[in-house]
Structure formats: structure tokens, C-alpha cells
Amino acid sequence: MKATSFEDLRIWQSARELSKEIYRISRFPEFSKDYRFVGQITSAMGSVMDNIAEGFERDGNKEFFQFLSIAKGSCGEVRSQLYRAYDAGYIDEELFNTLLGKIRALSSSIFHFMNTLKASEITGKKHKE
């Protein structure tokens with residue numbers, strides 16, 4: 001199936017689902033009191049979604065690739081912040097491992113999508129004559 005909008009992309013859909021989970025855990029009583037940290041982790045997770053969307057809307061593969069690279073970097077940021085949340089006792093080990101697995105899988109999916117994009121002969125809508 002050809003994606004006609006960023007909402008069609010599985011990587012964006014996965015980022016959205018994980019974003020909902022991050023917002024949910026940020027409301028845990030002890031976690032929610034750490035306002036700065038809540039802002040950091042929700043912002044980083046939002047960055048994953050938003051950069052996938054913005055890159056798609058740019059209509060050029062080179063720009064899209066760059067935005068996907070930023071989204072992948074934000075996955076690393078969220079992963080690091082999950083360690084901080086676990087170390088601070090905001091989430092338990094089971095939840096930590098579940099979320100860590102999901103963010104790693106998303107990062108891997110973005111990486112594979114980037115490789116597919118790089119190998120594609122299609123350069124984007126704005127390059128069509």
C-alpha cells in the first residue's frame with residue numbers, strides 16, 4: 001500500500017501509540033511531580049511523531065531522510081530517559097523493559113525505512129515533472 005499521508009506510515013502509527021504510553025506513565029503520582037522531566041520525555045517522544053510527519057510533508061526524499069534521522073535520534077533520547085525514569089523509581093522493571101523494547105523496535109523500524117528511502121529511485125512529489 002502506498003502512503004498518501006504521514007498517518008498511513010506504520011512508523012508514525014507506532015510513534016503515536018508509544019507517545020500515548022509515555023503520556024500515560026508521566027501521570028503516575030511520583031513521576032508527574034517531576035515537571036521538568038515529564039516535559040523532557042513527552043517532548044522527545046512527540047519529536048519522533050512530529051519529525052516523521054514533517055519530513056513526509058516536505059515531499060522530497062533527501063529532506064524526509066533528514067527528518068527521519070532526527071526522529072531516530074529522538075528515539076535514543078526517549079530510551080535514555082526511560083533509564084532515568086526507571087532509576088528514579090518512576091516506573092517498575094517490567095514496564096521499563098516493555099517500553100524499552102517498544103522504543104528500540106521503533107528506532108529499528110525507522111532505520112529500515114530510512115534504508116528503503118535511500119535505495120528508492122523515487123525522489124518525492126516535488127521532483128516530478
# chains A, B, ... in the order shown; residues from 1 in each chain; ligands from 1
>>> residues_around(residues="segment 21-28 of chain A", least_positions_apart="3", cutoff="7 Å", atoms="only C-alpha atoms", output="PyMOL selection string")
chain A and resi 17-18+31-32+38+42
>>> closest_atom_pairs(of="segment 9-52 of chain A", to="segment 77-86 of chain A", cutoff="8 Å", atoms="only C-alpha atoms", output="Markdown table")
| residue | atom | partner | partner_atom | distance |
| --- | --- | --- | --- | --- |
| A:Phe31 | CA | A:Ala85 | CA | 7.8 |
| A:Ile41 | CA | A:Val78 | CA | 6.0 |
| A:Ala44 | CA | A:Val78 | CA | 6.0 |
| A:Met45 | CA | A:Val78 | CA | 6.2 |
>>> write_last_selection(atoms="N, CA and C atoms", output="mmCIF file, in the first residue's frame")
data_model
loop_
_atom_site.group_PDB
_atom_site.id
_atom_site.type_symbol
_atom_site.label_atom_id
_atom_site.label_comp_id
_atom_site.auth_asym_id
_atom_site.auth_seq_id
_atom_site.Cartn_x
_atom_site.Cartn_y
_atom_site.Cartn_z
ATOM 1 N N PHE A 31 6.022 10.372 39.290
ATOM 2 C CA PHE A 31 6.544 10.848 38.005
ATOM 3 C C PHE A 31 5.999 12.243 37.694
ATOM 4 N N ILE A 41 10.600 14.114 28.523
ATOM 5 C CA ILE A 41 10.300 12.813 27.907
ATOM 6 C C ILE A 41 9.106 12.900 26.957
ATOM 7 N N ALA A 44 10.402 14.720 23.797
ATOM 8 C CA ALA A 44 11.242 13.851 22.963
ATOM 9 C C ALA A 44 10.393 12.842 22.200
ATOM 10 N N MET A 45 9.392 12.270 22.864
ATOM 11 C CA MET A 45 8.530 11.301 22.190
ATOM 12 C C MET A 45 7.682 11.996 21.140
#
>>> residues_around(residues="segment 7-14 of chain A", least_positions_apart="6", cutoff="7 Å", atoms="only C-alpha atoms", output="PDB file with N, CA and C atoms, in the first residue's frame")
ATOM      1  N   MET A  49       7.199  11.518  16.546  1.00  0.00           N
ATOM      2  CA  MET A  49       5.993  11.622  15.714  1.00  0.00           C
ATOM      3  C   MET A  49       6.075  12.803  14.758  1.00  0.00           C
ATOM      4  N   ILE A  52       8.610  12.641  11.795  1.00  0.00           N
ATOM      5  CA  ILE A  52       8.140  11.742  10.739  1.00  0.00           C
ATOM      6  C   ILE A  52       7.112  12.478   9.892  1.00  0.00           C
ATOM      7  N   LEU A 106      10.851   0.652  17.437  1.00  0.00           N
ATOM      8  CA  LEU A 106      10.516   1.820  16.625  1.00  0.00           C
ATOM      9  C   LEU A 106      11.764   2.398  15.978  1.00  0.00           C
ATOM     10  N   SER A 109      12.703   0.222  13.139  1.00  0.00           N
ATOM     11  CA  SER A 109      11.783   0.398  12.010  1.00  0.00           C
ATOM     12  C   SER A 109      12.088   1.678  11.247  1.00  0.00           C
ATOM     13  N   ILE A 110      12.403   2.741  11.970  1.00  0.00           N
ATOM     14  CA  ILE A 110      12.766   3.997  11.316  1.00  0.00           C
ATOM     15  C   ILE A 110      14.047   3.803  10.505  1.00  0.00           C
TER      16      ILE A 110
END
>>> closest_residue(among="A:Asn61, A:Gln40, A:Ser5, A:Ser69", to="Ser107 of chain A", atoms="only C-alpha atoms")
A:Ser69
>>> select_by_dssp(residues="chain A", states="helix (DSSP H, G or I)", output="JSON, numbers by chain")
{"A": [6, 7, 8, 10, 11, 12, 13, 14, 15, 16, 17, 18, 19, 20, 21, 22, 23, 24, 25, 29, 30, 31, 32, 35, 36, 37, 38, 39, 40, 41, 42, 43, 44, 45, 46, 47, 48, 49, 50, 51, 52, 53, 54, 55, 56, 57, 61, 62, 63, 64, 65, 66, 67, 68, 69, 70, 71, 72, 73, 74, 75, 76, 77, 78, 79, 80, 81, 82, 83, 84, 85, 86, 87, 93, 94, 95, 96, 97, 98, 99, 100, 101, 102, 103, 104, 105, 106, 107, 108, 109, 110, 111, 112, 113, 114, 115, 116, 117, 118, 119, 125, 126, 127]}
>>> atom_distance(atom1="atom CA of Ile103 of chain A", atom2="atom CA of Gly76 of chain A")
8.1 Å
>>> atom_distance(atom1="atom CA of Ser108 of chain A", atom2="atom CA of Ala71 of chain A")
11.4 Å
>>> closest_residue(among="A:Gly73, A:Thr4, A:Lys33, A:Lys102", to="Glu57 of chain A", atoms="only C-alpha atoms")
A:Thr4
>>> closest_residue(among="A:Phe6, A:Gly39, A:Lys118, A:Pro29", to="Arg58 of chain A", atoms="only C-alpha atoms")
A:Phe6
>>> atom_distance(atom1="atom CA of Ser74 of chain A", atom2="atom CA of Arg36 of chain A")
17.0 Å
>>> residues_around(residues="Leu68 of chain A", least_positions_apart="4", cutoff="8 Å", atoms="only C-alpha atoms", output="ChimeraX atom specification")
/A:51-52,55,64,72,110,114
>>> write_last_selection(atoms="all heavy atoms", output="PDB file, in the first residue's frame")
ATOM      1  N   ASN A  51       8.561  14.707  13.667  1.00  0.00           N
ATOM      2  CA  ASN A  51       9.578  14.724  12.616  1.00  0.00           C
ATOM      3  C   ASN A  51       9.248  13.759  11.484  1.00  0.00           C
ATOM      4  O   ASN A  51       9.547  14.045  10.327  1.00  0.00           O
ATOM      5  CB  ASN A  51      10.967  14.460  13.193  1.00  0.00           C
ATOM      6  CG  ASN A  51      11.560  15.729  13.755  1.00  0.00           C
ATOM      7  OD1 ASN A  51      11.894  16.632  13.002  1.00  0.00           O
ATOM      8  ND2 ASN A  51      11.656  15.820  15.071  1.00  0.00           N
ATOM      9  N   ILE A  52       8.610  12.641  11.795  1.00  0.00           N
ATOM     10  CA  ILE A  52       8.140  11.742  10.739  1.00  0.00           C
ATOM     11  C   ILE A  52       7.112  12.478   9.892  1.00  0.00           C
ATOM     12  O   ILE A  52       7.167  12.470   8.659  1.00  0.00           O
ATOM     13  CB  ILE A  52       7.563  10.441  11.332  1.00  0.00           C
ATOM     14  CG1 ILE A  52       8.667   9.620  12.011  1.00  0.00           C
ATOM     15  CG2 ILE A  52       6.861   9.620  10.246  1.00  0.00           C
ATOM     16  CD1 ILE A  52       8.153   8.476  12.880  1.00  0.00           C
ATOM     17  N   GLY A  55       8.737  15.501   7.915  1.00  0.00           N
ATOM     18  CA  GLY A  55       9.551  15.001   6.816  1.00  0.00           C
ATOM     19  C   GLY A  55       8.713  14.501   5.655  1.00  0.00           C
ATOM     20  O   GLY A  55       9.018  14.767   4.487  1.00  0.00           O
ATOM     21  N   PHE A  64      13.093  14.240   3.741  1.00  0.00           N
ATOM     22  CA  PHE A  64      12.408  13.234   4.547  1.00  0.00           C
ATOM     23  C   PHE A  64      13.431  12.398   5.309  1.00  0.00           C
ATOM     24  O   PHE A  64      13.285  12.149   6.507  1.00  0.00           O
ATOM     25  CB  PHE A  64      11.540  12.359   3.642  1.00  0.00           C
ATOM     26  CG  PHE A  64      10.550  11.476   4.360  1.00  0.00           C
ATOM     27  CD1 PHE A  64      10.276  11.598   5.721  1.00  0.00           C
ATOM     28  CD2 PHE A  64       9.866  10.496   3.651  1.00  0.00           C
ATOM     29  CE1 PHE A  64       9.356  10.780   6.355  1.00  0.00           C
ATOM     30  CE2 PHE A  64       8.940   9.672   4.279  1.00  0.00           C
ATOM     31  CZ  PHE A  64       8.687   9.810   5.627  1.00  0.00           C
ATOM     32  N   LYS A  72      14.825   9.340  14.638  1.00  0.00           N
ATOM     33  CA  LYS A  72      15.572   8.211  15.202  1.00  0.00           C
ATOM     34  C   LYS A  72      16.427   8.670  16.385  1.00  0.00           C
ATOM     35  O   LYS A  72      16.527   7.981  17.403  1.00  0.00           O
ATOM     36  CB  LYS A  72      16.441   7.566  14.122  1.00  0.00           C
ATOM     37  CG  LYS A  72      17.090   6.266  14.564  1.00  0.00           C
ATOM     38  CD  LYS A  72      17.809   5.623  13.406  1.00  0.00           C
ATOM     39  CE  LYS A  72      18.495   4.335  13.807  1.00  0.00           C
ATOM     40  NZ  LYS A  72      19.195   4.341  15.081  1.00  0.00           N
ATOM     41  N   ILE A 110      12.403   2.741  11.970  1.00  0.00           N
ATOM     42  CA  ILE A 110      12.766   3.997  11.316  1.00  0.00           C
ATOM     43  C   ILE A 110      14.047   3.803  10.505  1.00  0.00           C
ATOM     44  O   ILE A 110      14.148   4.241   9.359  1.00  0.00           O
ATOM     45  CB  ILE A 110      12.917   5.145  12.336  1.00  0.00           C
ATOM     46  CG1 ILE A 110      11.551   5.492  12.951  1.00  0.00           C
ATOM     47  CG2 ILE A 110      13.547   6.380  11.692  1.00  0.00           C
ATOM     48  CD1 ILE A 110      11.620   6.433  14.141  1.00  0.00           C
ATOM     49  N   MET A 114      14.453   4.290   6.568  1.00  0.00           N
ATOM     50  CA  MET A 114      15.465   5.188   6.007  1.00  0.00           C
ATOM     51  C   MET A 114      16.263   4.489   4.905  1.00  0.00           C
ATOM     52  O   MET A 114      16.536   5.078   3.862  1.00  0.00           O
ATOM     53  CB  MET A 114      16.408   5.683   7.111  1.00  0.00           C
ATOM     54  CG  MET A 114      15.764   6.643   8.083  1.00  0.00           C
ATOM     55  SD  MET A 114      16.797   6.969   9.536  1.00  0.00           S
ATOM     56  CE  MET A 114      18.095   7.972   8.801  1.00  0.00           C
TER      57      MET A 114
END
>>> closest_residue(among="A:Asp50, A:Tyr90, A:Arg16, A:Phe65", to="Ala119 of chain A", atoms="only C-alpha atoms")
A:Phe65
>>> closest_residue(among="A:Asp34, A:Ala15, A:Ala88, A:Phe56", to="Ala105 of chain A", atoms="only C-alpha atoms")
A:Ala15
>>> decode(residues="segment 21-118 of chain A", atoms="C-alpha atoms", output="PDB file, in the first residue's frame")
ATOM      1  CA  GLU A  21       2.013   5.329  26.651  1.00  0.00           C
ATOM      2  CA  ILE A  22       4.638   7.907  27.602  1.00  0.00           C
ATOM      3  CA  TYR A  23       1.915  10.439  28.434  1.00  0.00           C
ATOM      4  CA  ARG A  24       0.110   7.779  30.479  1.00  0.00           C
ATOM      5  CA  ILE A  25       3.146   6.915  32.585  1.00  0.00           C
ATOM      6  CA  SER A  26       4.007  10.594  33.045  1.00  0.00           C
ATOM      7  CA  ARG A  27       0.781  10.896  35.029  1.00  0.00           C
ATOM      8  CA  PHE A  28       1.940   8.352  37.625  1.00  0.00           C
ATOM      9  CA  PRO A  29       1.921  10.155  41.010  1.00  0.00           C
ATOM     10  CA  GLU A  30       5.676  10.378  41.670  1.00  0.00           C
ATOM     11  CA  PHE A  31       6.544  10.848  38.005  1.00  0.00           C
ATOM     12  CA  SER A  32       4.048  13.674  37.471  1.00  0.00           C
ATOM     13  CA  LYS A  33       5.678  15.774  40.214  1.00  0.00           C
ATOM     14  CA  ASP A  34       8.927  15.919  38.262  1.00  0.00           C
ATOM     15  CA  TYR A  35       7.620  18.579  35.865  1.00  0.00           C
ATOM     16  CA  ARG A  36      10.863  19.223  34.020  1.00  0.00           C
ATOM     17  CA  PHE A  37      11.467  15.541  33.389  1.00  0.00           C
ATOM     18  CA  VAL A  38       7.864  14.985  32.274  1.00  0.00           C
ATOM     19  CA  GLY A  39       8.314  17.831  29.810  1.00  0.00           C
ATOM     20  CA  GLN A  40      11.555  16.346  28.511  1.00  0.00           C
ATOM     21  CA  ILE A  41      10.300  12.813  27.907  1.00  0.00           C
ATOM     22  CA  THR A  42       6.955  13.836  26.413  1.00  0.00           C
ATOM     23  CA  SER A  43       8.684  16.391  24.184  1.00  0.00           C
ATOM     24  CA  ALA A  44      11.242  13.851  22.963  1.00  0.00           C
ATOM     25  CA  MET A  45       8.530  11.301  22.190  1.00  0.00           C
ATOM     26  CA  GLY A  46       6.467  13.963  20.430  1.00  0.00           C
ATOM     27  CA  SER A  47       9.534  14.837  18.391  1.00  0.00           C
ATOM     28  CA  VAL A  48       9.583  11.309  16.972  1.00  0.00           C
ATOM     29  CA  MET A  49       5.993  11.622  15.714  1.00  0.00           C
ATOM     30  CA  ASP A  50       6.351  15.198  14.556  1.00  0.00           C
ATOM     31  CA  ASN A  51       9.578  14.724  12.616  1.00  0.00           C
ATOM     32  CA  ILE A  52       8.140  11.742  10.739  1.00  0.00           C
ATOM     33  CA  ALA A  53       5.110  13.869   9.856  1.00  0.00           C
ATOM     34  CA  GLU A  54       7.089  16.968   8.905  1.00  0.00           C
ATOM     35  CA  GLY A  55       9.551  15.001   6.816  1.00  0.00           C
ATOM     36  CA  PHE A  56       6.743  13.306   4.917  1.00  0.00           C
ATOM     37  CA  GLU A  57       5.097  16.636   4.198  1.00  0.00           C
ATOM     38  CA  ARG A  58       8.327  18.053   2.726  1.00  0.00           C
ATOM     39  CA  ASP A  59       7.769  15.884  -0.385  1.00  0.00           C
ATOM     40  CA  GLY A  60      11.444  15.242  -1.059  1.00  0.00           C
ATOM     41  CA  ASN A  61      13.324  12.081  -0.063  1.00  0.00           C
ATOM     42  CA  LYS A  62      16.502  13.893   0.988  1.00  0.00           C
ATOM     43  CA  GLU A  63      14.582  16.124   3.392  1.00  0.00           C
ATOM     44  CA  PHE A  64      12.408  13.234   4.547  1.00  0.00           C
ATOM     45  CA  PHE A  65      15.556  11.203   5.266  1.00  0.00           C
ATOM     46  CA  GLN A  66      16.963  14.069   7.340  1.00  0.00           C
ATOM     47  CA  PHE A  67      13.767  14.326   9.403  1.00  0.00           C
ATOM     48  CA  LEU A  68      13.712  10.554   9.897  1.00  0.00           C
ATOM     49  CA  SER A  69      17.278  10.800  11.181  1.00  0.00           C
ATOM     50  CA  ILE A  70      16.129  13.369  13.727  1.00  0.00           C
ATOM     51  CA  ALA A  71      13.191  11.136  14.703  1.00  0.00           C
ATOM     52  CA  LYS A  72      15.572   8.211  15.202  1.00  0.00           C
ATOM     53  CA  GLY A  73      17.793  10.403  17.374  1.00  0.00           C
ATOM     54  CA  SER A  74      14.769  11.312  19.466  1.00  0.00           C
ATOM     55  CA  CYS A  75      14.139   7.583  19.957  1.00  0.00           C
ATOM     56  CA  GLY A  76      17.575   7.391  21.551  1.00  0.00           C
ATOM     57  CA  GLU A  77      16.706  10.341  23.771  1.00  0.00           C
ATOM     58  CA  VAL A  78      13.483   8.654  24.924  1.00  0.00           C
ATOM     59  CA  ARG A  79      15.390   5.427  25.551  1.00  0.00           C
ATOM     60  CA  SER A  80      17.877   7.254  27.761  1.00  0.00           C
ATOM     61  CA  GLN A  81      15.048   8.983  29.607  1.00  0.00           C
ATOM     62  CA  LEU A  82      13.352   5.636  30.248  1.00  0.00           C
ATOM     63  CA  TYR A  83      16.511   4.570  32.069  1.00  0.00           C
ATOM     64  CA  ARG A  84      16.296   7.749  34.131  1.00  0.00           C
ATOM     65  CA  ALA A  85      12.616   7.090  34.919  1.00  0.00           C
ATOM     66  CA  TYR A  86      13.426   3.537  35.987  1.00  0.00           C
ATOM     67  CA  ASP A  87      16.453   4.595  38.043  1.00  0.00           C
ATOM     68  CA  ALA A  88      14.356   7.249  39.798  1.00  0.00           C
ATOM     69  CA  GLY A  89      11.716   4.649  40.674  1.00  0.00           C
ATOM     70  CA  TYR A  90       9.022   6.246  38.498  1.00  0.00           C
ATOM     71  CA  ILE A  91       8.399   3.005  36.597  1.00  0.00           C
ATOM     72  CA  ASP A  92       8.946  -0.614  37.570  1.00  0.00           C
ATOM     73  CA  GLU A  93      11.267  -3.050  35.823  1.00  0.00           C
ATOM     74  CA  GLU A  94       8.522  -4.791  33.849  1.00  0.00           C
ATOM     75  CA  LEU A  95       7.158  -1.539  32.424  1.00  0.00           C
ATOM     76  CA  PHE A  96      10.681  -0.275  31.784  1.00  0.00           C
ATOM     77  CA  ASN A  97      11.549  -3.403  29.777  1.00  0.00           C
ATOM     78  CA  THR A  98       8.276  -3.242  27.829  1.00  0.00           C
ATOM     79  CA  LEU A  99       8.731   0.414  26.877  1.00  0.00           C
ATOM     80  CA  LEU A 100      12.426  -0.056  26.163  1.00  0.00           C
ATOM     81  CA  GLY A 101      11.570  -2.879  23.754  1.00  0.00           C
ATOM     82  CA  LYS A 102       8.970  -0.737  22.004  1.00  0.00           C
ATOM     83  CA  ILE A 103      11.255   2.275  21.562  1.00  0.00           C
ATOM     84  CA  ARG A 104      14.071   0.038  20.296  1.00  0.00           C
ATOM     85  CA  ALA A 105      11.689  -1.601  17.806  1.00  0.00           C
ATOM     86  CA  LEU A 106      10.516   1.820  16.625  1.00  0.00           C
ATOM     87  CA  SER A 107      14.085   3.029  16.200  1.00  0.00           C
ATOM     88  CA  SER A 108      14.877  -0.092  14.180  1.00  0.00           C
ATOM     89  CA  SER A 109      11.783   0.398  12.010  1.00  0.00           C
ATOM     90  CA  ILE A 110      12.766   3.997  11.316  1.00  0.00           C
ATOM     91  CA  PHE A 111      16.275   2.833  10.392  1.00  0.00           C
ATOM     92  CA  HIS A 112      14.899   0.251   7.954  1.00  0.00           C
ATOM     93  CA  PHE A 113      12.525   2.815   6.483  1.00  0.00           C
ATOM     94  CA  MET A 114      15.465   5.188   6.007  1.00  0.00           C
ATOM     95  CA  ASN A 115      17.391   2.493   4.133  1.00  0.00           C
ATOM     96  CA  THR A 116      14.375   1.821   1.921  1.00  0.00           C
ATOM     97  CA  LEU A 117      14.017   5.522   1.233  1.00  0.00           C
ATOM     98  CA  LYS A 118      17.712   5.870   0.441  1.00  0.00           C
TER      99      LYS A 118
END
